[in-house]
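Content type CSV, C-alpha atoms, from the file data36.csv:
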chain,number,residue,atom,x,y,z
A,208,MET,CA,0.0,0.0,0.0
A,209,THR,CA,1.1,3.5,-0.7
A,210,VAL,CA,-0.5,5.0,2.4
A,211,HIS,CA,-0.8,3.4,5.8
A,212,LEU,CA,-2.8,4.0,9.0
A,213,GLU,CA,-1.0,3.0,12.2
A,214,VAL,CA,-2.8,3.4,15.5
A,215,ALA,CA,-1.3,3.3,19.0
A,216,GLU,CA,-2.6,4.8,22.3
A,217,GLY,CA,-5.2,7.0,20.6
A,218,VAL,CA,-2.9,8.5,18.0
A,219,GLY,CA,-3.4,7.5,14.3
A,220,THR,CA,-0.5,8.1,11.9
A,221,ILE,CA,-1.5,8.4,8.3
A,222,ARG,CA,1.9,7.6,6.6
A,223,LEU,CA,2.6,8.3,3.0
A,224,ASP,CA,4.8,5.5,1.6
A,225,ARG,CA,5.6,5.9,-2.1
A,226,PRO,CA,9.4,6.3,-2.4
A,227,PRO,CA,11.3,8.2,-3.3
A,228,MET,CA,9.3,11.4,-3.2
A,229,ASN,CA,5.8,10.3,-2.1
A,230,ALA,CA,4.3,11.6,-5.4
A,231,LEU,CA,0.6,11.9,-5.0
A,232,ASP,CA,-0.8,9.8,-7.9
A,233,ILE,CA,-4.4,8.8,-8.2
A,234,ALA,CA,-3.9,5.6,-6.2
A,235,VAL,CA,-2.4,7.6,-3.3
A,236,GLN,CA,-5.2,10.2,-3.5
A,237,ASP,CA,-7.9,7.5,-3.3
A,238,ARG,CA,-6.1,5.6,-0.5
A,239,LEU,CA,-5.6,8.9,1.4
A,240,LYS,CA,-9.4,9.5,1.3
A,241,GLU,CA,-10.2,6.0,2.4
A,242,LEU,CA,-7.8,6.2,5.4
A,243,ALA,CA,-8.9,9.7,6.4
A,244,GLU,CA,-12.5,8.5,6.5
A,245,GLU,CA,-11.4,5.4,8.5
A,246,ALA,CA,-9.5,7.6,11.0
A,247,ALA,CA,-12.5,9.9,11.3
A,248,GLY,CA,-14.8,7.0,12.2
A,249,ARG,CA,-12.6,5.0,14.5
A,250,ASP,CA,-13.2,5.4,18.2
A,251,ASP,CA,-9.6,4.4,19.0
A,252,VAL,CA,-8.2,7.3,16.9
A,253,ARG,CA,-8.5,10.5,18.9
A,254,ALA,CA,-5.8,12.5,17.1
A,255,VAL,CA,-4.1,12.2,13.8
A,256,ILE,CA,-0.6,12.7,12.4
A,257,LEU,CA,0.1,13.2,8.7
A,258,TYR,CA,3.6,12.0,7.9
A,259,GLY,CA,5.7,11.3,4.9
A,260,GLY,CA,8.8,9.8,6.5
A,261,GLU,CA,12.1,11.1,7.6
A,262,LYS,CA,13.2,12.5,4.3
A,263,VAL,CA,10.2,13.9,2.5
A,264,PHE,CA,6.6,14.8,3.2
A,265,ALA,CA,5.3,14.8,-0.4
A,266,ALA,CA,6.9,16.4,-3.4
A,267,GLY,CA,3.6,16.9,-5.3
A,268,ALA,CA,1.4,15.2,-7.8
A,269,ASP,CA,2.6,12.6,-10.3
A,270,ILE,CA,3.3,14.9,-13.2
A,271,LYS,CA,3.7,12.1,-15.7
A,272,GLU,CA,0.3,10.8,-14.8
A,273,MET,CA,-1.2,14.3,-15.1
A,274,GLN,CA,0.5,15.0,-18.4
A,275,ALA,CA,-1.4,12.1,-20.0
A,276,MET,CA,-4.8,13.6,-19.0
A,277,ASP,CA,-6.8,15.9,-21.2
A,278,HIS,CA,-9.4,18.4,-20.2
A,279,ALA,CA,-12.3,16.0,-20.2
A,280,ALA,CA,-10.4,13.5,-17.9
A,281,MET,CA,-9.4,16.3,-15.5
A,282,VAL,CA,-12.9,17.6,-15.3
A,283,VAL,CA,-13.9,14.2,-13.9
A,284,ARG,CA,-10.7,13.7,-11.8
A,285,SER,CA,-10.5,17.2,-10.2
A,286,ARG,CA,-13.5,16.6,-8.0
A,287,ALA,CA,-12.1,13.3,-6.7
A,288,LEU,CA,-8.7,15.0,-6.1
A,289,GLN,CA,-10.3,17.7,-4.0
A,290,ASP,CA,-12.5,15.2,-2.2
A,291,SER,CA,-9.5,13.2,-1.1
A,292,PHE,CA,-7.9,16.2,0.5
A,293,SER,CA,-11.2,17.5,1.9
A,294,ALA,CA,-11.6,14.1,3.6
A,295,VAL,CA,-8.4,14.9,5.6
A,296,ALA,CA,-9.6,18.4,6.4
A,297,ARG,CA,-12.9,17.0,7.6
A,298,ILE,CA,-11.5,14.6,10.1
A,299,PRO,CA,-13.3,15.7,13.3
A,300,LYS,CA,-10.3,15.3,15.5
A,301,PRO,CA,-7.0,17.2,16.0
A,302,VAL,CA,-4.7,16.7,13.0
A,303,VAL,CA,-1.0,17.7,12.8
A,304,ALA,CA,1.2,17.6,9.8
A,305,ALA,CA,4.8,16.4,10.5
A,306,VAL,CA,6.7,18.0,7.6
A,307,THR,CA,10.2,16.9,6.6
A,308,GLY,CA,12.0,17.8,3.4
A,309,TYR,CA,9.8,18.8,0.5
A,310,ALA,CA,6.1,19.6,0.8
A,311,LEU,CA,5.4,21.0,-2.7
A,312,GLY,CA,2.2,21.3,-4.7
A,313,GLY,CA,-0.2,18.6,-3.5
A,314,GLY,CA,2.2,17.9,-0.6
A,315,CYS,CA,1.8,21.5,0.6
A,316,GLU,CA,-1.9,21.3,0.0
A,317,LEU,CA,-2.1,18.2,2.1
A,318,ALA,CA,-0.3,19.9,5.0
A,319,LEU,CA,-2.8,22.8,4.7
A,320,CYS,CA,-5.5,20.3,5.5
A,321,ALA,CA,-4.1,19.8,9.0
A,322,ASP,CA,-5.0,21.9,12.1
A,323,TYR,CA,-1.3,22.4,13.0
A,324,ARG,CA,1.9,22.0,11.1
A,325,ILE,CA,5.3,21.1,12.6
A,326,ALA,CA,8.2,21.4,10.1
A,327,GLY,CA,11.8,20.3,10.2
A,328,GLU,CA,14.6,22.7,9.7
A,329,ASN,CA,15.2,21.0,6.3
A,330,ALA,CA,11.6,21.6,5.1
A,331,LYS,CA,10.8,23.4,1.9
A,332,LEU,CA,7.2,24.3,1.1
A,333,GLY,CA,5.5,25.8,-1.9
A,334,GLN,CA,2.9,25.8,-4.6
A,335,PRO,CA,4.9,25.5,-7.9
A,336,GLU,CA,2.0,24.6,-10.2
A,337,ILE,CA,2.2,27.9,-12.0
A,338,LEU,CA,5.6,26.7,-13.4
A,339,LEU,CA,3.7,23.9,-15.1
A,340,GLY,CA,1.1,26.3,-16.6
A,341,VAL,CA,-1.6,25.4,-14.1
A,342,ILE,CA,-2.8,26.4,-10.7
A,343,PRO,CA,-3.1,24.5,-7.4
A,344,GLY,CA,-6.1,22.1,-7.8
A,345,ALA,CA,-6.3,20.3,-4.4
A,346,GLY,CA,-7.4,23.3,-2.3
A,347,GLY,CA,-4.2,25.4,-2.5
A,348,THR,CA,-5.8,28.6,-3.8
A,349,GLN,CA,-8.4,28.4,-1.0
A,350,ARG,CA,-6.8,27.0,2.1
A,351,LEU,CA,-3.5,28.8,1.6
A,352,SER,CA,-5.2,32.2,1.3
A,353,ARG,CA,-7.3,31.5,4.3
A,354,LEU,CA,-4.3,30.5,6.4
A,355,ILE,CA,-1.7,33.2,5.5
A,356,GLY,CA,-3.9,35.9,3.8
A,357,PRO,CA,-4.5,36.5,0.1
A,358,SER,CA,-1.5,38.7,-0.8
A,359,LYS,CA,1.0,36.3,0.7
A,360,ALA,CA,-0.8,33.4,-0.9
A,361,LYS,CA,-0.7,35.1,-4.2
A,362,ASP,CA,3.0,35.7,-4.0
A,363,LEU,CA,3.7,32.0,-3.5
A,364,ILE,CA,1.2,30.9,-6.1
A,365,PHE,CA,2.0,33.5,-8.7
A,366,THR,CA,5.8,32.9,-8.5
A,367,GLY,CA,5.8,29.2,-7.7
A,368,ARG,CA,8.7,29.8,-5.4
A,369,MET,CA,9.7,27.5,-2.5
A,370,VAL,CA,10.1,28.8,1.0
A,371,LYS,CA,12.4,27.3,3.6
A,372,ALA,CA,11.2,26.5,7.1
A,373,ASP,CA,12.1,29.8,8.7
A,374,GLU,CA,10.2,31.8,6.1
A,375,ALA,CA,7.3,29.4,6.3
A,376,LEU,CA,7.2,30.0,10.0
A,377,ALA,CA,7.3,33.8,9.5
A,378,LEU,CA,4.5,33.6,6.9
A,379,GLY,CA,2.3,31.4,9.2
A,380,LEU,CA,2.5,28.6,6.8
A,381,VAL,CA,3.9,26.3,9.5
A,382,ASP,CA,3.4,26.7,13.3
A,383,ARG,CA,6.6,25.4,14.7
A,384,VAL,CA,10.1,24.5,13.4
A,385,VAL,CA,12.3,21.8,15.0
A,386,PRO,CA,15.4,19.9,14.0
A,387,ALA,CA,14.6,17.5,11.2
A,388,ASP,CA,15.2,14.4,13.2
A,389,GLU,CA,12.7,15.6,15.9
A,390,VAL,CA,9.7,16.3,13.6
A,391,TYR,CA,7.7,13.1,14.2
A,392,THR,CA,8.5,13.1,17.9
A,393,ALA,CA,7.3,16.7,18.3
A,394,ALA,CA,4.1,15.9,16.2
A,395,HIS,CA,3.4,12.8,18.3
A,396,ALA,CA,3.8,14.7,21.5
A,397,TRP,CA,1.2,17.3,20.3
A,398,ALA,CA,-1.2,14.6,19.1
A,399,ALA,CA,-0.8,12.4,22.2
A,400,LYS,CA,-1.6,15.2,24.5
A,401,LEU,CA,-4.8,16.0,22.7
A,402,ALA,CA,-5.7,12.3,22.4
A,403,GLN,CA,-6.1,12.5,26.2
A,404,GLY,CA,-8.5,15.4,25.9
A,405,PRO,CA,-12.3,15.6,25.8
A,406,ALA,CA,-13.1,14.2,22.3
A,407,ILE,CA,-16.5,15.7,21.8
A,408,ALA,CA,-15.4,19.2,23.0
A,409,LEU,CA,-12.4,19.0,20.7
A,410,ARG,CA,-14.6,18.1,17.8
A,411,ALA,CA,-16.9,21.0,18.7
A,412,ALA,CA,-14.0,23.4,18.8
A,413,LYS,CA,-12.7,22.3,15.5
A,414,GLU,CA,-16.1,22.3,13.7
A,415,SER,CA,-17.0,25.7,15.2
A,416,ILE,CA,-13.8,27.3,14.0
A,417,ASP,CA,-13.8,25.7,10.6
A,418,ALA,CA,-17.5,26.3,9.9
A,419,GLY,CA,-17.3,29.8,11.4
A,420,LEU,CA,-14.5,30.9,9.1
A,421,GLU,CA,-16.8,30.2,6.1
A,422,THR,CA,-19.6,32.5,7.2
A,423,ASP,CA,-20.4,35.8,8.8
A,424,LEU,CA,-19.8,36.6,12.5
A,425,GLU,CA,-23.4,36.2,13.6
A,426,THR,CA,-23.8,32.8,12.0
A,427,GLY,CA,-20.5,31.8,13.4
A,428,LEU,CA,-21.6,32.8,16.9
A,429,ALA,CA,-24.7,30.7,16.4
A,430,ILE,CA,-22.6,27.7,15.5
A,431,GLU,CA,-20.5,28.2,18.6
A,432,ARG,CA,-23.5,28.7,20.8
A,433,ASN,CA,-25.2,25.5,19.7
A,434,TRP,CA,-22.1,23.5,20.2
A,435,PHE,CA,-21.4,25.2,23.6
A,436,ALA,CA,-24.9,24.4,24.9
A,437,GLY,CA,-24.8,20.9,23.5
A,438,LEU,CA,-21.6,20.0,25.4
A,439,PHE,CA,-23.5,20.4,28.7
A,440,ALA,CA,-25.2,17.1,27.8
A,441,THR,CA,-21.9,15.2,27.7
A,442,GLU,CA,-20.1,13.1,30.3
A,443,ASP,CA,-16.8,14.8,29.6
A,444,ARG,CA,-18.4,18.2,30.6
A,445,GLU,CA,-19.6,16.7,33.9
A,446,ARG,CA,-16.2,15.1,34.5
A,447,GLY,CA,-14.2,18.2,33.6
A,448,MET,CA,-16.2,20.6,35.8
A,449,ARG,CA,-16.4,18.2,38.7
A,450,SER,CA,-12.7,17.8,38.6
A,451,PHE,CA,-12.2,21.5,38.5
A,452,VAL,CA,-14.4,22.1,41.5
A,453,GLU,CA,-13.0,19.2,43.6
A,454,GLU,CA,-9.3,19.1,42.5
A,455,GLY,CA,-8.5,22.4,40.8
A,456,PRO,CA,-7.8,23.2,37.1
A,457,GLY,CA,-6.1,20.9,34.6
A,458,LYS,CA,-6.5,17.6,36.4
A,459,ALA,CA,-9.5,16.1,34.7
A,460,LYS,CA,-9.0,12.8,32.9
A,461,PHE,CA,-11.2,12.2,29.9
A,462,VAL,CA,-10.0,8.8,28.7
Translate the structure of the given file into structure tokens.
Amino acid sequence: MTVHLEVAEGVGTIRLDRPPMNALDIAVQDRLKELAEEAAGRDDVRAVILYGGEKVFAAGADIKEMQAMDHAAMVVRSRALQDSFSAVARIPKPVVAAVTGYALGGGCELALCADYRIAGENAKLGQPEILLGVIPGAGGTQRLSRLIGPSKAKDLIFTGRMVKADEALALGLVDRVVPADEVYTAAHAWAAKLAQGPAIALRAAKESIDAGLETDLETGLAIERNWFAGLFATEDRERGMRSFVEEGPGKAKFV
């Protein structure tokens, strides 16, 4: 298989495994969607890591495969391409991308589907599709501009240039930079901590933020209000507040 899901102690790692560069061909895209949906539905997965291995996250799409496609074929395929990435973005649990080496084109777009991005000092990110005479097609024009703002996104997309980890951090494209050999460890620590948290409240927080960003403030506040009130029907809310009153803050155990 070109993509694997490994689960241990509440953390699911979706691992790209298509050497040497983890090119995102159709088979990888379809498998990614399948495993993202599996991770979303499994009760034993409470947080997710996206990982391409020690050397490279994903260097982009399989250009030879795309070169053979005409307009009619891509009209059909483009929906499935976006759906595979959106399946990752829709995982209702905390998702962190552990980025080593290249995260270009579709690889960068995959990292954008995570809630948090930890990059190695050797990471290089970018959307170089313009150099091929096309534009990002797996969400890059939308997710990148929402993350770092339209003008910065346009600079990266218009020029197709790569940015190193330090610039990616300054742009807000990644959230943390660590030594290359510590990327997965750092991502696992982030995911493992959240895997111990209140699963329904984390889902509520993620969906409130993501859905709220797509609408006006009043509608966003209504989404937040409905989730907030709904959490008062959960066992985790009872456990968390009881622990706070009896033991003080930060001591509740939700698993």
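With all atoms listed in the file as the basis for measurement, A:Tyr309 is the residue among A:Tyr309, A:Phe461, A:Phe292, A:Tyr323 that approaches Ala265 (chain A) most closely.
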How many Å lie between CA of Ile355 (chain A) and CA of Leu380 (chain A), rounded to one decimal?
->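 A separation of 6.4 Å between them.
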Skip region 437-445 of chain A itself and residues of its chain fewer than 5 positions away, then list as a VMD selection string all residues within 10 Å of it, counting only C-alpha atoms.
-> chain A and resid 404 to 408 411 431 to 432 450 to 451 459 to 462
Neighbour list for Pro386 (chain A) as a PyMOL selection string, cut-off 10 Å, all atoms listed in the file, skip fewer than 3 positions in-chain = chain A and resi 307+326-330+389-390+393
For Ile256 (chain A), work out the shell of residues within 10 Å, counting only C-alpha atoms and skipping chain neighbours fewer than 3 positions away, then give it as number ranges by chain.
-> A: 212-213, 218-222, 259, 301-305, 321, 323-324, 391, 394-395, 397-399
Of the listed residues A:Gln334, A:Gln289, A:Gln349, A:Gln403, that which approaches Asp362 (chain A) most closely, counting all atoms listed in the file |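 Distance minimum relative to Asp362 (chain A) lands on A:Gln334.
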Hey, what's within 10 Å of Asp269 (chain A) if we count only C-alpha atoms and toss same-chain stuff fewer than 2 positions away? As JSON, numbers by chain, please?
-> {"A": [228, 229, 230, 231, 232, 233, 235, 266, 267, 271, 272, 273, 274, 313]}
Nearest to Gly419 (chain A): which of A:Leu401, A:Ala275, A:Trp434, A:Glu216 is it, counting only C-alpha atoms?
->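 Looking at the shortest contact to Gly419 (chain A), the residue is A:Trp434.
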Hey, can you check how far CA of Gly457 (chain A) sits from CA of Lys413 (chain A)?
->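 Atom-to-atom, CA of Gly457 (chain A) to CA of Lys413 (chain A), that is 20.3 Å.
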Separation of CA of Leu257 (chain A) from CA of Val295 (chain A), in Å and rounded to one decimal =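 For CA of Leu257 (chain A) relative to CA of Val295 (chain A), the distance reads 9.2 Å.
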Nearest-residue call for Ser285 (chain A), choices A:Cys320, A:Val214, A:Ala345, A:Leu242, using all atoms listed in the file = A:Ala345
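Counting all atoms listed in the file and comparing A:Ser352, A:Gln236, A:Ser358, A:Asn433, the residue that lies closest to Ala412 (chain A) is A:Asn433.
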Please identify all polymer residues within 9 Å of Gly333 (chain A), counting all atoms listed in the file, omitting same-chain residues fewer than 2 positions from it, and present them as JSON, numbers by chain.
-> {"A": [309, 310, 311, 312, 314, 315, 316, 331, 335, 363, 364, 367, 368, 369, 370, 371]}
From the list A:Lys262, A:Arg284, A:Lys361, A:Lys400, which residue is nearest Ala234 (chain A) when using all atoms listed in the file?
->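 When distances to Ala234 (chain A) are compared using all atoms listed in the file, the smallest one comes from A:Arg284.
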